[in-house]
>>> print(open('run_29.pdb').read())   # PDB, C-alpha atoms
ATOM      1  CA  MET A   1      -6.630   4.425  -3.577
ATOM      2  CA  HIS A   2      -7.857   0.828  -4.002
ATOM      3  CA  ILE A   3      -9.822   0.387  -7.227
ATOM      4  CA  GLY A   4     -12.830  -1.916  -6.897
ATOM      5  CA  ASP A   5     -14.262  -4.154  -9.618
ATOM      6  CA  GLY A   6     -16.861  -2.735 -11.999
ATOM      7  CA  LEU A   7     -14.963   0.473 -12.768
ATOM      8  CA  ILE A   8     -12.169  -0.278 -15.261
ATOM      9  CA  PRO A   9     -13.310  -2.197 -18.417
ATOM     10  CA  THR A  10     -12.106  -5.824 -18.514
ATOM     11  CA  GLU A  11      -9.665  -5.418 -21.458
ATOM     12  CA  GLN A  12      -7.951  -2.451 -19.789
ATOM     13  CA  ALA A  13      -7.822  -4.237 -16.442
ATOM     14  CA  ALA A  14      -6.184  -7.194 -18.224
ATOM     15  CA  ILE A  15      -3.475  -4.932 -19.669
ATOM     16  CA  TYR A  16      -2.712  -3.519 -16.187
ATOM     17  CA  TRP A  17      -2.551  -7.094 -14.854
ATOM     18  CA  ILE A  18       0.013  -8.031 -17.538
ATOM     19  CA  VAL A  19       2.221  -5.026 -16.726
ATOM     20  CA  ALA A  20       1.885  -5.782 -13.011
ATOM     21  CA  LEU A  21       2.865  -9.437 -13.581
ATOM     22  CA  VAL A  22       6.047  -8.352 -15.370
ATOM     23  CA  PHE A  23       7.044  -6.259 -12.336
ATOM     24  CA  ILE A  24       5.993  -9.018  -9.898
ATOM     25  CA  SER A  25       8.253 -11.496 -11.673
ATOM     26  CA  LEU A  26      11.115  -8.955 -11.615
ATOM     27  CA  SER A  27      10.501  -8.447  -7.883
ATOM     28  CA  LEU A  28      10.721 -12.225  -7.339
ATOM     29  CA  LYS A  29      14.011 -12.148  -9.222
ATOM     30  CA  TRP A  30      15.212  -9.343  -6.913
ATOM     31  CA  ALA A  31      14.221 -11.397  -3.863
ATOM     32  CA  ARG A  32      16.042 -14.515  -5.089
ATOM     33  CA  LYS A  33      19.186 -12.418  -5.536
ATOM     34  CA  GLU A  34      19.021 -10.089  -2.502
ATOM     35  CA  MET A  35      16.918 -11.759   0.211
ATOM     36  CA  ASP A  36      19.187 -12.916   3.036
ATOM     37  CA  GLU A  37      18.964 -13.963   6.687
ATOM     38  CA  ALA A  38      18.884 -10.315   7.881
ATOM     39  CA  LYS A  39      16.168  -9.179   5.453
ATOM     40  CA  VAL A  40      13.696 -12.002   6.256
ATOM     41  CA  PRO A  41      12.452 -10.659   9.633
ATOM     42  CA  MET A  42      12.383  -7.078   8.305
ATOM     43  CA  PHE A  43      10.368  -8.157   5.254
ATOM     44  CA  ALA A  44       7.836 -10.007   7.434
ATOM     45  CA  ALA A  45       7.629  -7.131   9.951
ATOM     46  CA  LEU A  46       7.029  -4.642   7.119
ATOM     47  CA  ALA A  47       4.396  -6.917   5.527
ATOM     48  CA  ALA A  48       2.370  -7.037   8.762
ATOM     49  CA  GLY A  49       3.004  -3.381   9.670
ATOM     50  CA  ILE A  50       2.068  -2.021   6.247
ATOM     51  CA  PHE A  51      -1.127  -4.113   6.150
ATOM     52  CA  ALA A  52      -2.125  -2.853   9.610
ATOM     53  CA  ILE A  53      -1.322   0.800   8.948
ATOM     54  CA  GLN A  54      -3.330   0.681   5.723
ATOM     55  CA  ALA A  55      -6.397  -0.019   7.892
ATOM     56  CA  MET A  56      -5.788   3.330   9.645
ATOM     57  CA  ASN A  57      -7.554   5.925   7.519
ATOM     58  CA  ILE A  58      -6.712   9.466   8.551
ATOM     59  CA  PRO A  59      -9.412  12.114   8.067
ATOM     60  CA  ILE A  60      -8.540  14.996   5.745
ATOM     61  CA  PRO A  61     -10.699  17.955   4.619
ATOM     62  CA  TRP A  62     -13.542  17.681   2.038
ATOM     63  CA  GLY A  63     -15.179  14.796   4.007
ATOM     64  CA  THR A  64     -12.443  12.516   2.760
ATOM     65  CA  SER A  65      -9.807  10.260   4.282
ATOM     66  CA  GLY A  66      -6.720   8.346   3.263
ATOM     67  CA  HIS A  67      -4.008   5.998   4.427
ATOM     68  CA  MET A  68      -0.359   5.512   3.627
ATOM     69  CA  LEU A  69       0.799   2.898   1.110
ATOM     70  CA  GLY A  70       4.203   1.980   2.567
ATOM     71  CA  GLY A  71       5.993   0.803  -0.578
ATOM     72  CA  VAL A  72       8.517   3.650  -0.513
ATOM     73  CA  MET A  73       9.322   2.922   3.140
ATOM     74  CA  ALA A  74       9.924  -0.755   2.299
ATOM     75  CA  ALA A  75      12.042   0.197  -0.741
ATOM     76  CA  ILE A  76      14.254   2.542   1.301
ATOM     77  CA  ILE A  77      14.754   0.025   4.129
ATOM     78  CA  LEU A  78      15.355  -3.006   1.888
ATOM     79  CA  GLY A  79      17.317  -1.064  -0.720
ATOM     80  CA  SER A  80      15.239  -1.617  -3.853
ATOM     81  CA  PRO A  81      11.892  -0.470  -5.287
ATOM     82  CA  PHE A  82      11.264  -4.149  -6.090
ATOM     83  CA  ALA A  83      10.962  -4.774  -2.343
ATOM     84  CA  GLY A  84       8.043  -2.318  -2.367
ATOM     85  CA  VAL A  85       6.523  -4.087  -5.380
ATOM     86  CA  LEU A  86       6.710  -7.545  -3.757
ATOM     87  CA  LEU A  87       5.430  -6.333  -0.372
ATOM     88  CA  LEU A  88       2.522  -4.331  -1.757
ATOM     89  CA  THR A  89       1.594  -7.250  -4.049
ATOM     90  CA  LEU A  90       1.219  -9.521  -0.988
ATOM     91  CA  VAL A  91      -0.742  -6.821   0.891
ATOM     92  CA  LEU A  92      -3.077  -6.205  -2.063
ATOM     93  CA  ILE A  93      -3.695  -9.947  -2.616
ATOM     94  CA  VAL A  94      -4.759 -10.378   1.041
ATOM     95  CA  GLN A  95      -6.816  -7.150   1.014
ATOM     96  CA  GLY A  96      -8.592  -8.042  -2.243
ATOM     97  CA  PHE A  97      -9.373 -11.691  -1.534
ATOM     98  CA  LEU A  98     -10.135 -11.498   2.195
ATOM     99  CA  PHE A  99     -11.404  -7.972   2.829
ATOM    100  CA  ALA A 100     -12.959  -6.758  -0.465
ATOM    101  CA  ASP A 101     -10.524  -3.830  -0.320
ATOM    102  CA  GLY A 102      -9.765  -3.427  -4.022
ATOM    103  CA  GLY A 103     -11.181  -5.692  -6.719
ATOM    104  CA  ILE A 104      -9.931  -8.975  -8.169
ATOM    105  CA  LEU A 105      -9.984  -7.964 -11.841
ATOM    106  CA  ALA A 106      -8.749  -4.512 -10.770
ATOM    107  CA  MET A 107      -5.945  -5.985  -8.632
ATOM    108  CA  GLY A 108      -3.449  -5.655 -11.484
ATOM    109  CA  ALA A 109      -4.102  -1.913 -11.672
ATOM    110  CA  ASN A 110      -3.861  -1.614  -7.876
ATOM    111  CA  ILE A 111      -0.523  -3.474  -7.840
ATOM    112  CA  LEU A 112       0.704  -1.284 -10.699
ATOM    113  CA  ASN A 113      -0.344   2.013  -9.034
ATOM    114  CA  MET A 114       0.401   1.393  -5.348
ATOM    115  CA  GLY A 115       3.113  -1.249  -5.687
ATOM    116  CA  VAL A 116       5.057  -0.353  -8.817
ATOM    117  CA  ILE A 117       4.511   3.329  -9.681
ATOM    118  CA  ALA A 118       4.450   4.660  -6.092
ATOM    119  CA  SER A 119       7.439   2.562  -4.965
ATOM    120  CA  PHE A 120       9.607   3.386  -7.990
ATOM    121  CA  THR A 121       8.913   7.138  -8.193
ATOM    122  CA  GLY A 122       9.169   7.580  -4.428
ATOM    123  CA  TYR A 123      12.330   5.504  -4.079
ATOM    124  CA  TYR A 124      14.163   7.333  -6.872
ATOM    125  CA  ALA A 125      13.022  10.734  -5.568
ATOM    126  CA  PHE A 126      14.483   9.666  -2.195
ATOM    127  CA  MET A 127      17.743   8.475  -3.794
ATOM    128  CA  ALA A 128      18.108  11.741  -5.719
ATOM    129  CA  LEU A 129      17.603  13.826  -2.571
ATOM    130  CA  LYS A 130      19.267  11.849   0.223
ATOM    131  CA  GLY A 131      22.751  13.212  -0.512
ATOM    132  CA  SER A 132      21.683  16.839  -0.171
ATOM    133  CA  LEU A 133      18.809  16.601   2.342
ATOM    134  CA  GLY A 134      19.783  13.593   4.435
ATOM    135  CA  MET A 135      17.921  10.329   5.008
ATOM    136  CA  VAL A 136      14.936  11.642   7.006
ATOM    137  CA  LYS A 137      13.929  14.645   4.874
ATOM    138  CA  ALA A 138      14.558  12.713   1.661
ATOM    139  CA  SER A 139      12.363   9.845   2.881
ATOM    140  CA  TYR A 140       9.566  12.330   3.744
ATOM    141  CA  ILE A 141       9.646  13.738   0.217
ATOM    142  CA  GLY A 142      10.088  10.261  -1.299
ATOM    143  CA  GLY A 143       6.947   9.011   0.469
ATOM    144  CA  TRP A 144       5.029  12.102  -0.648
ATOM    145  CA  VAL A 145       6.120  11.799  -4.288
ATOM    146  CA  GLY A 146       5.203   8.089  -4.404
ATOM    147  CA  ILE A 147       1.610   8.465  -3.207
ATOM    148  CA  VAL A 148       0.917  11.569  -5.325
ATOM    149  CA  ILE A 149       2.263  10.030  -8.566
ATOM    150  CA  GLY A 150       0.453   6.751  -7.764
ATOM    151  CA  ALA A 151      -2.808   8.728  -7.350
ATOM    152  CA  GLU A 152      -2.250  10.529 -10.665
ATOM    153  CA  ALA A 153      -1.738   7.149 -12.340
ATOM    154  CA  VAL A 154      -5.226   6.163 -11.103
ATOM    155  CA  ALA A 155      -6.636   9.456 -12.464
ATOM    156  CA  ILE A 156      -5.081   8.772 -15.891
ATOM    157  CA  GLN A 157      -6.382   5.149 -15.958
ATOM    158  CA  PHE A 158      -9.848   6.431 -14.997
ATOM    159  CA  ALA A 159      -9.719   9.070 -17.746
ATOM    160  CA  VAL A 160      -8.763   6.357 -20.277
ATOM    161  CA  ALA A 161     -11.670   4.233 -18.975
ATOM    162  CA  GLY A 162     -14.021   7.209 -19.273
ATOM    163  CA  ILE A 163     -14.831   7.267 -15.549
ATOM    164  CA  PHE A 164     -13.306  10.628 -14.594
ATOM    165  CA  PRO A 165     -12.722  13.627 -16.848
ATOM    166  CA  LEU A 166      -8.915  13.927 -17.146
ATOM    167  CA  ILE A 167      -8.154  17.369 -15.711
ATOM    168  CA  PRO A 168     -10.695  17.471 -12.837
ATOM    169  CA  GLY A 169      -9.813  13.850 -12.016
ATOM    170  CA  MET A 170      -6.092  14.588 -11.890
ATOM    171  CA  THR A 171      -6.694  17.801  -9.947
ATOM    172  CA  TRP A 172      -8.783  16.176  -7.188
ATOM    173  CA  MET A 173      -6.754  12.965  -6.962
ATOM    174  CA  GLY A 174      -3.676  15.215  -6.718
ATOM    175  CA  ILE A 175      -5.150  17.488  -4.032
ATOM    176  CA  TYR A 176      -6.431  14.660  -1.802
ATOM    177  CA  HIS A 177      -3.241  12.629  -2.024
ATOM    178  CA  ALA A 178      -0.936  15.626  -1.655
ATOM    179  CA  VAL A 179      -2.575  16.139   1.766
ATOM    180  CA  ILE A 180      -2.440  12.408   2.622
ATOM    181  CA  GLY A 181       1.198  12.469   1.505
ATOM    182  CA  VAL A 182       1.963  15.233   4.018
ATOM    183  CA  VAL A 183       0.008  13.908   7.032
ATOM    184  CA  ALA A 184       0.455  10.148   6.492
ATOM    185  CA  GLU A 185       2.819   8.740   3.864
ATOM    186  CA  GLY A 186       5.659  11.283   4.112
ATOM    187  CA  LEU A 187       5.360  11.696   7.875
ATOM    188  CA  VAL A 188       5.241   7.988   8.765
ATOM    189  CA  THR A 189       7.992   7.122   6.258
ATOM    190  CA  ALA A 190      10.252   9.805   7.780
ATOM    191  CA  ILE A 191       9.445   8.760  11.387
ATOM    192  CA  VAL A 192      10.141   5.076  10.688
ATOM    193  CA  ILE A 193      13.363   5.768   8.737
ATOM    194  CA  GLY A 194      14.462   8.288  11.409
ATOM    195  CA  SER A 195      13.875   5.859  14.297
ATOM    196  CA  ILE A 196      15.709   2.997  12.587
ATOM    197  CA  MET A 197      18.593   5.342  11.670
ATOM    198  CA  GLN A 198      18.954   6.207  15.370
ATOM    199  CA  THR A 199      18.827   2.651  16.684
ATOM    200  CA  ARG A 200      20.002   0.251  13.939
ATOM    201  CA  PRO A 201      21.204   2.263  10.885
ATOM    202  CA  ASP A 202      22.753  -0.957   9.526
ATOM    203  CA  LEU A 203      19.212  -2.237   8.866
ATOM    204  CA  ILE A 204      18.570   0.416   6.209
ATOM    205  CA  VAL A 205      20.162  -0.901   3.034
ATOM    206  CA  SER A 206      19.752   2.325   1.028
ATOM    207  CA  SER A 207      21.631   4.405   3.649
ATOM    208  CA  SER A 208      24.898   3.017   2.320
ATOM    209  CA  LYS A 209      23.949   3.178  -1.363
ATOM    210  CA  VAL A 210      25.324   6.063  -3.420
ATOM    211  CA  GLY A 211      22.611   8.558  -4.459
ATOM    212  CA  ALA A 212      21.452   8.770  -8.069
TER
ATOM    213  CA  MET B 213      16.872 -17.175  13.401
ATOM    214  CA  SER B 214      19.386 -15.183  15.473
ATOM    215  CA  PRO B 215      18.194 -13.315  18.621
ATOM    216  CA  GLU B 216      18.840  -9.998  16.823
ATOM    217  CA  ASN B 217      16.633 -11.016  13.901
ATOM    218  CA  LYS B 218      13.959 -12.391  16.244
ATOM    219  CA  LYS B 219      13.871  -8.989  17.927
ATOM    220  CA  ILE B 220      13.228  -7.206  14.603
ATOM    221  CA  LEU B 221      10.359  -9.605  13.889
ATOM    222  CA  MET B 222       8.897  -9.167  17.401
ATOM    223  CA  VAL B 223       9.056  -5.350  17.308
ATOM    224  CA  GLY B 224       7.352  -5.338  13.890
ATOM    225  CA  ALA B 225       4.692  -7.812  15.010
ATOM    226  CA  ILE B 226       3.917  -5.842  18.192
ATOM    227  CA  ILE B 227       3.584  -2.523  16.301
ATOM    228  CA  ALA B 228       1.347  -4.206  13.705
ATOM    229  CA  ILE B 229      -0.876  -5.799  16.394
ATOM    230  CA  ILE B 230      -1.247  -2.487  18.267
ATOM    231  CA  LEU B 231      -2.227  -0.757  15.002
ATOM    232  CA  SER B 232      -4.722  -3.565  14.228
ATOM    233  CA  VAL B 233      -6.475  -3.209  17.587
ATOM    234  CA  LEU B 234      -6.604   0.596  17.431
ATOM    235  CA  ALA B 235      -7.598   0.957  13.758
ATOM    236  CA  PRO B 236     -11.343   0.190  14.131
ATOM    237  CA  PHE B 237     -11.616   2.881  16.839
ATOM    238  CA  LEU B 238      -9.344   5.545  15.360
ATOM    239  CA  ALA B 239      -9.696   5.172  11.589
ATOM    240  CA  SER B 240     -11.848   7.687   9.748
ATOM    241  CA  SER B 241     -14.945   6.232   8.084
ATOM    242  CA  ASN B 242     -15.001   9.010   5.471
ATOM    243  CA  PRO B 243     -14.571   7.771   1.885
ATOM    244  CA  ASP B 244     -10.948   7.792   0.733
ATOM    245  CA  GLY B 245      -9.694  10.156  -1.958
ATOM    246  CA  LEU B 246     -10.495   7.770  -4.814
ATOM    247  CA  ASP B 247     -13.947   6.762  -3.491
ATOM    248  CA  LYS B 248     -14.812  10.443  -2.987
ATOM    249  CA  ASN B 249     -14.026  11.132  -6.647
ATOM    250  CA  VAL B 250     -16.027   8.057  -7.712
ATOM    251  CA  ILE B 251     -19.020   9.334  -5.686
ATOM    252  CA  GLU B 252     -18.695  12.769  -7.347
ATOM    253  CA  PHE B 253     -17.921  11.769 -10.944
ATOM    254  CA  VAL B 254     -19.833   8.455 -11.209
ATOM    255  CA  GLY B 255     -22.686   8.968  -8.766
ATOM    256  CA  GLY B 256     -23.105  12.729  -9.246
ATOM    257  CA  GLY B 257     -22.523  13.206  -5.507
ATOM    258  CA  SER B 258     -24.581  10.187  -4.384
ATOM    259  CA  GLU B 259     -22.769   7.191  -2.926
ATOM    260  CA  GLU B 260     -25.795   4.925  -3.452
ATOM    261  CA  LYS B 261     -26.088   5.894  -7.111
ATOM    262  CA  ALA B 262     -22.371   5.295  -7.665
ATOM    263  CA  GLU B 263     -22.621   1.858  -6.035
ATOM    264  CA  GLU B 264     -25.661   0.986  -8.159
ATOM    265  CA  ILE B 265     -23.909   1.933 -11.425
ATOM    266  CA  ILE B 266     -20.709   0.063 -10.476
ATOM    267  CA  GLY B 267     -22.695  -2.971  -9.263
ATOM    268  CA  GLU B 268     -24.418  -3.274 -12.655
ATOM    269  CA  LYS B 269     -21.090  -3.219 -14.488
ATOM    270  CA  ASN B 270     -19.255  -5.543 -12.087
ATOM    271  CA  LYS B 271     -18.727  -8.993 -13.596
ATOM    272  CA  VAL B 272     -16.668 -10.414 -10.718
ATOM    273  CA  ALA B 273     -18.826 -12.690  -8.570
ATOM    274  CA  TYR B 274     -16.203 -13.315  -5.869
ATOM    275  CA  GLU B 275     -17.290 -12.620  -2.280
ATOM    276  CA  SER B 276     -14.744 -11.835   0.420
ATOM    277  CA  PRO B 277     -15.073 -13.516   3.827
ATOM    278  CA  PHE B 278     -14.523 -10.221   5.724
ATOM    279  CA  PRO B 279     -15.844  -7.380   3.541
ATOM    280  CA  ASP B 280     -14.708  -3.918   4.696
ATOM    281  CA  TYR B 281     -12.573  -5.443   7.473
ATOM    282  CA  SER B 282     -15.605  -6.660   9.416
ATOM    283  CA  ILE B 283     -17.283  -9.864  10.549
ATOM    284  CA  GLU B 284     -21.051  -9.875  10.147
ATOM    285  CA  GLY B 285     -22.943  -9.217  13.381
ATOM    286  CA  MET B 286     -19.834  -8.704  15.503
ATOM    287  CA  HIS B 287     -19.518  -4.893  15.293
ATOM    288  CA  LYS B 288     -16.267  -3.356  16.596
ATOM    289  CA  ILE B 289     -14.947  -6.636  18.023
ATOM    290  CA  GLY B 290     -15.445  -8.191  14.596
ATOM    291  CA  GLU B 291     -13.449  -5.364  12.997
ATOM    292  CA  VAL B 292     -10.586  -5.817  15.478
ATOM    293  CA  LEU B 293     -10.638  -9.587  14.847
ATOM    294  CA  ALA B 294     -10.773  -9.193  11.051
ATOM    295  CA  ILE B 295      -7.781  -6.839  10.965
ATOM    296  CA  LEU B 296      -5.885  -9.050  13.439
ATOM    297  CA  ILE B 297      -6.512 -12.093  11.219
ATOM    298  CA  GLY B 298      -5.154 -10.123   8.264
ATOM    299  CA  THR B 299      -2.094  -8.978  10.216
ATOM    300  CA  VAL B 300      -1.260 -12.533  11.321
ATOM    301  CA  ILE B 301      -1.706 -13.790   7.738
ATOM    302  CA  MET B 302       0.607 -11.022   6.476
ATOM    303  CA  LEU B 303       3.243 -11.904   9.054
ATOM    304  CA  ALA B 304       3.099 -15.580   8.027
ATOM    305  CA  LEU B 305       3.014 -14.709   4.316
ATOM    306  CA  GLY B 306       5.925 -12.250   4.667
ATOM    307  CA  LEU B 307       7.978 -14.854   6.513
ATOM    308  CA  GLY B 308       7.021 -17.699   4.199
ATOM    309  CA  VAL B 309       7.677 -15.839   0.941
ATOM    310  CA  SER B 310      10.981 -14.325   2.089
ATOM    311  CA  ILE B 311      12.264 -17.639   3.495
ATOM    312  CA  LEU B 312      11.256 -19.449   0.285
ATOM    313  CA  LEU B 313      13.005 -16.894  -1.908
ATOM    314  CA  LYS B 314      16.051 -16.472   0.304
ATOM    315  CA  LYS B 315      19.282 -17.165  -1.548
ATOM    316  CA  LYS B 316      20.771 -20.537  -0.853
ATOM    317  CA  LYS B 317      24.176 -20.644   0.773
TER
END
>>> encode(input="run_29.pdb", output="structure tokens")
Amino acid sequence: MHIGDGLIPTEQAAIYWIVALVFISLSLKWARKEMDEAKVPMFAALAAGIFAIQAMNIPIPWGTSGHMLGGVMAAIILGSPFAGVLLLTLVLIVQGFLFADGGILAMGANILNMGVIASFTGYYAFMALKGSLGMVKASYIGGWVGIVIGAEAVAIQFAVAGIFPLIPGMTWMGIYHAVIGVVAEGLVTAIVIGSIMQTRPDLIVSSSKVGA
Amino acid sequence: MSPENKKILMVGAIIAIILSVLAPFLASSNPDGLDKNVIEFVGGGSEEKAEEIIGEKNKVAYESPFPDYSIEGMHKIGEVLAILIGTVIMLALGLGVSILLKKKK
């Protein structure tokens, strides 16, 4: 889902950068308030783990592939969608500058889609469902919702930029990422949350938060 | 850092390193969902045509040291090394940023 340079016009890319910067500064504010001794190793472990798992593209039909994003997983574990924003921002900076995975001008849009929109929608879907479905099922659906809505955000930006026609773009971005959401994002999010719940449930901040 | 917290960091680092080593061998080289749509809608089904059109429009001259998670001329070993470098940087960056932002007692 990484947008490269040369696709979105400069003015539009600048607007996405500005919106992304607002959320990055809010995520820094979250970290200054909530980051403590116990969250430091988890934050670093998630940063490395999410970067590595993003290199693992899983094949899906139509000659396509995809990987998980991980922001929803980070948000659930650390108890705030801003954790997902901050983590994915660091991942996308390293991917863009070192590995040409996602552009530099387009990095604002990538942070907005994969960091902000996916983390927020997925985290709040999880929070709404965890009371009735439990942590594991709710985190599966949360992960799925995040990547699908993030993909639709790309489709809308590309329609605005005149790159994709709106409806076919949204349809195909939706179909591909709905499958990736089932086989990667939702599944891995649920497995990770499930394993931590069994061994160290105290490490998952959102498990003790009251559902929305 | 307490032994408990060190353990969390170690488990995360080990999982990330295992994923980094396996990724070049297991990851699918098919285009991802977005790239597939770009090939269809921009290149009319041709990857080369899509790249040509995007390349003409691209105004960013920056060149990454390890494009596509690879090191020139080093094949699979280069891919493993590139992803490992990224994973180590992420671990250091994650630690550095979270320690810097940690609330003061």
>>> resolve_selection(input="run_29.pdb", expression="the ChimeraX specification (/B :<7) & /A", output="VMD selection string")
chain A and resid 1 5 to 7 31 to 33 35 to 36 38 40 to 49 51 to 53 55 to 59 63 to 66 97 to 101 163 to 164 173 176 to 177
>>> resolve_selection(input="run_29.pdb", expression="the PyMOL selection byres ((chain A and resi 10-12) around 12)", output="VMD selection string")
(chain A and resid 5 to 9 13 to 19 103 to 109 157 to 162) or (chain B and resid 269 to 272)
>>> atom_distance(input="run_29.pdb", atom1="atom CA of A:Leu92", atom2="atom CA of A:Ile111")
6.9 Å
>>> closest_residue(input="run_29.pdb", among="A:Ala20, A:Met73, A:Ser208, A:Glu37", to="B:Pro215", atoms="only C-alpha atoms")
A:Glu37
>>> atom_distance(input="run_29.pdb", atom1="atom CA of A:Gly146", atom2="atom CA of A:Met114")
8.3 Å
>>> atom_distance(input="run_29.pdb", atom1="atom CA of A:His2", atom2="atom CA of A:Phe82")
19.9 Å
>>> residues_around(input="run_29.pdb", residues="A:Ile117", least_positions_apart="5", cutoff="9 Å", atoms="all atoms listed in the file", output="list in words")
Val85, Ile111, Leu112, Gly122, Gly146, Ile147, Ile149, Gly150 and Ala153 of chain A
>>> write_last_selection(input="run_29.pdb", atoms="C-alpha atoms", output="CSV table (one decimal), keeping the file's coordinate frame")
chain,number,residue,atom,x,y,z
A,85,VAL,CA,6.5,-4.1,-5.4
A,111,ILE,CA,-0.5,-3.5,-7.8
A,112,LEU,CA,0.7,-1.3,-10.7
A,122,GLY,CA,9.2,7.6,-4.4
A,146,GLY,CA,5.2,8.1,-4.4
A,147,ILE,CA,1.6,8.5,-3.2
A,149,ILE,CA,2.3,10.0,-8.6
A,150,GLY,CA,0.5,6.8,-7.8
A,153,ALA,CA,-1.7,7.1,-12.3
>>> residues_around(input="run_29.pdb", residues="A:Met170", least_positions_apart="4", cutoff="7 Å", atoms="all atoms listed in the file", output="mmCIF file with C-alpha atoms, in the coordinates of the input")
data_model
loop_
_atom_site.group_PDB
_atom_site.id
_atom_site.type_symbol
_atom_site.label_atom_id
_atom_site.label_comp_id
_atom_site.auth_asym_id
_atom_site.auth_seq_id
_atom_site.Cartn_x
_atom_site.Cartn_y
_atom_site.Cartn_z
ATOM 1 C CA GLU A 152 -2.250 10.529 -10.665
ATOM 2 C CA ALA A 155 -6.636 9.456 -12.464
ATOM 3 C CA LEU A 166 -8.915 13.927 -17.146
ATOM 4 C CA GLY A 174 -3.676 15.215 -6.718
#
>>> residues_around(input="run_29.pdb", residues="A:Ala178", least_positions_apart="4", cutoff="10 Å", atoms="all atoms listed in the file", output="VMD selection string")
chain A and resid 144 to 145 147 to 149 151 172 to 174 182 to 186
>>> write_last_selection(input="run_29.pdb", atoms="C-alpha atoms", output="PDB file, in the coordinates of the input")
ATOM      1  CA  TRP A 144       5.029  12.102  -0.648  1.00  0.00           C
ATOM      2  CA  VAL A 145       6.120  11.799  -4.288  1.00  0.00           C
ATOM      3  CA  ILE A 147       1.610   8.465  -3.207  1.00  0.00           C
ATOM      4  CA  VAL A 148       0.917  11.569  -5.325  1.00  0.00           C
ATOM      5  CA  ILE A 149       2.263  10.030  -8.566  1.00  0.00           C
ATOM      6  CA  ALA A 151      -2.808   8.728  -7.350  1.00  0.00           C
ATOM      7  CA  TRP A 172      -8.783  16.176  -7.188  1.00  0.00           C
ATOM      8  CA  MET A 173      -6.754  12.965  -6.962  1.00  0.00           C
ATOM      9  CA  GLY A 174      -3.676  15.215  -6.718  1.00  0.00           C
ATOM     10  CA  VAL A 182       1.963  15.233   4.018  1.00  0.00           C
ATOM     11  CA  VAL A 183       0.008  13.908   7.032  1.00  0.00           C
ATOM     12  CA  ALA A 184       0.455  10.148   6.492  1.00  0.00           C
ATOM     13  CA  GLU A 185       2.819   8.740   3.864  1.00  0.00           C
ATOM     14  CA  GLY A 186       5.659  11.283   4.112  1.00  0.00           C
TER      15      GLY A 186
END
>>> closest_residue(input="run_29.pdb", among="A:Gln54, A:Thr189, A:Thr89, A:Ser80", to="A:Gly115", atoms="all atoms listed in the file")
A:Thr89
>>> residues_around(input="run_29.pdb", residues="A:Tyr123", least_positions_apart="5", cutoff="10 Å", atoms="only C-alpha atoms", output="CSV table (one decimal) with C-alpha atoms, keeping the file's coordinate frame")
chain,number,residue,atom,x,y,z
A,71,GLY,CA,6.0,0.8,-0.6
A,72,VAL,CA,8.5,3.6,-0.5
A,73,MET,CA,9.3,2.9,3.1
A,74,ALA,CA,9.9,-0.8,2.3
A,75,ALA,CA,12.0,0.2,-0.7
A,76,ILE,CA,14.3,2.5,1.3
A,79,GLY,CA,17.3,-1.1,-0.7
A,80,SER,CA,15.2,-1.6,-3.9
A,81,PRO,CA,11.9,-0.5,-5.3
A,82,PHE,CA,11.3,-4.1,-6.1
A,84,GLY,CA,8.0,-2.3,-2.4
A,117,ILE,CA,4.5,3.3,-9.7
A,118,ALA,CA,4.4,4.7,-6.1
A,128,ALA,CA,18.1,11.7,-5.7
A,129,LEU,CA,17.6,13.8,-2.6
A,138,ALA,CA,14.6,12.7,1.7
A,139,SER,CA,12.4,9.8,2.9
A,141,ILE,CA,9.6,13.7,0.2
A,142,GLY,CA,10.1,10.3,-1.3
A,143,GLY,CA,6.9,9.0,0.5
A,145,VAL,CA,6.1,11.8,-4.3
A,146,GLY,CA,5.2,8.1,-4.4
A,206,SER,CA,19.8,2.3,1.0
>>> axis_aligned_box(input="run_29.pdb", around="stretch 79-87 of chain A", padding_each_side="4 Å", output="lines of an AutoDock Vina configuration file")
center_x = 11.4
center_y = -4.0
center_z = -3.2
size_x = 19.9
size_y = 15.1
size_z = 13.7
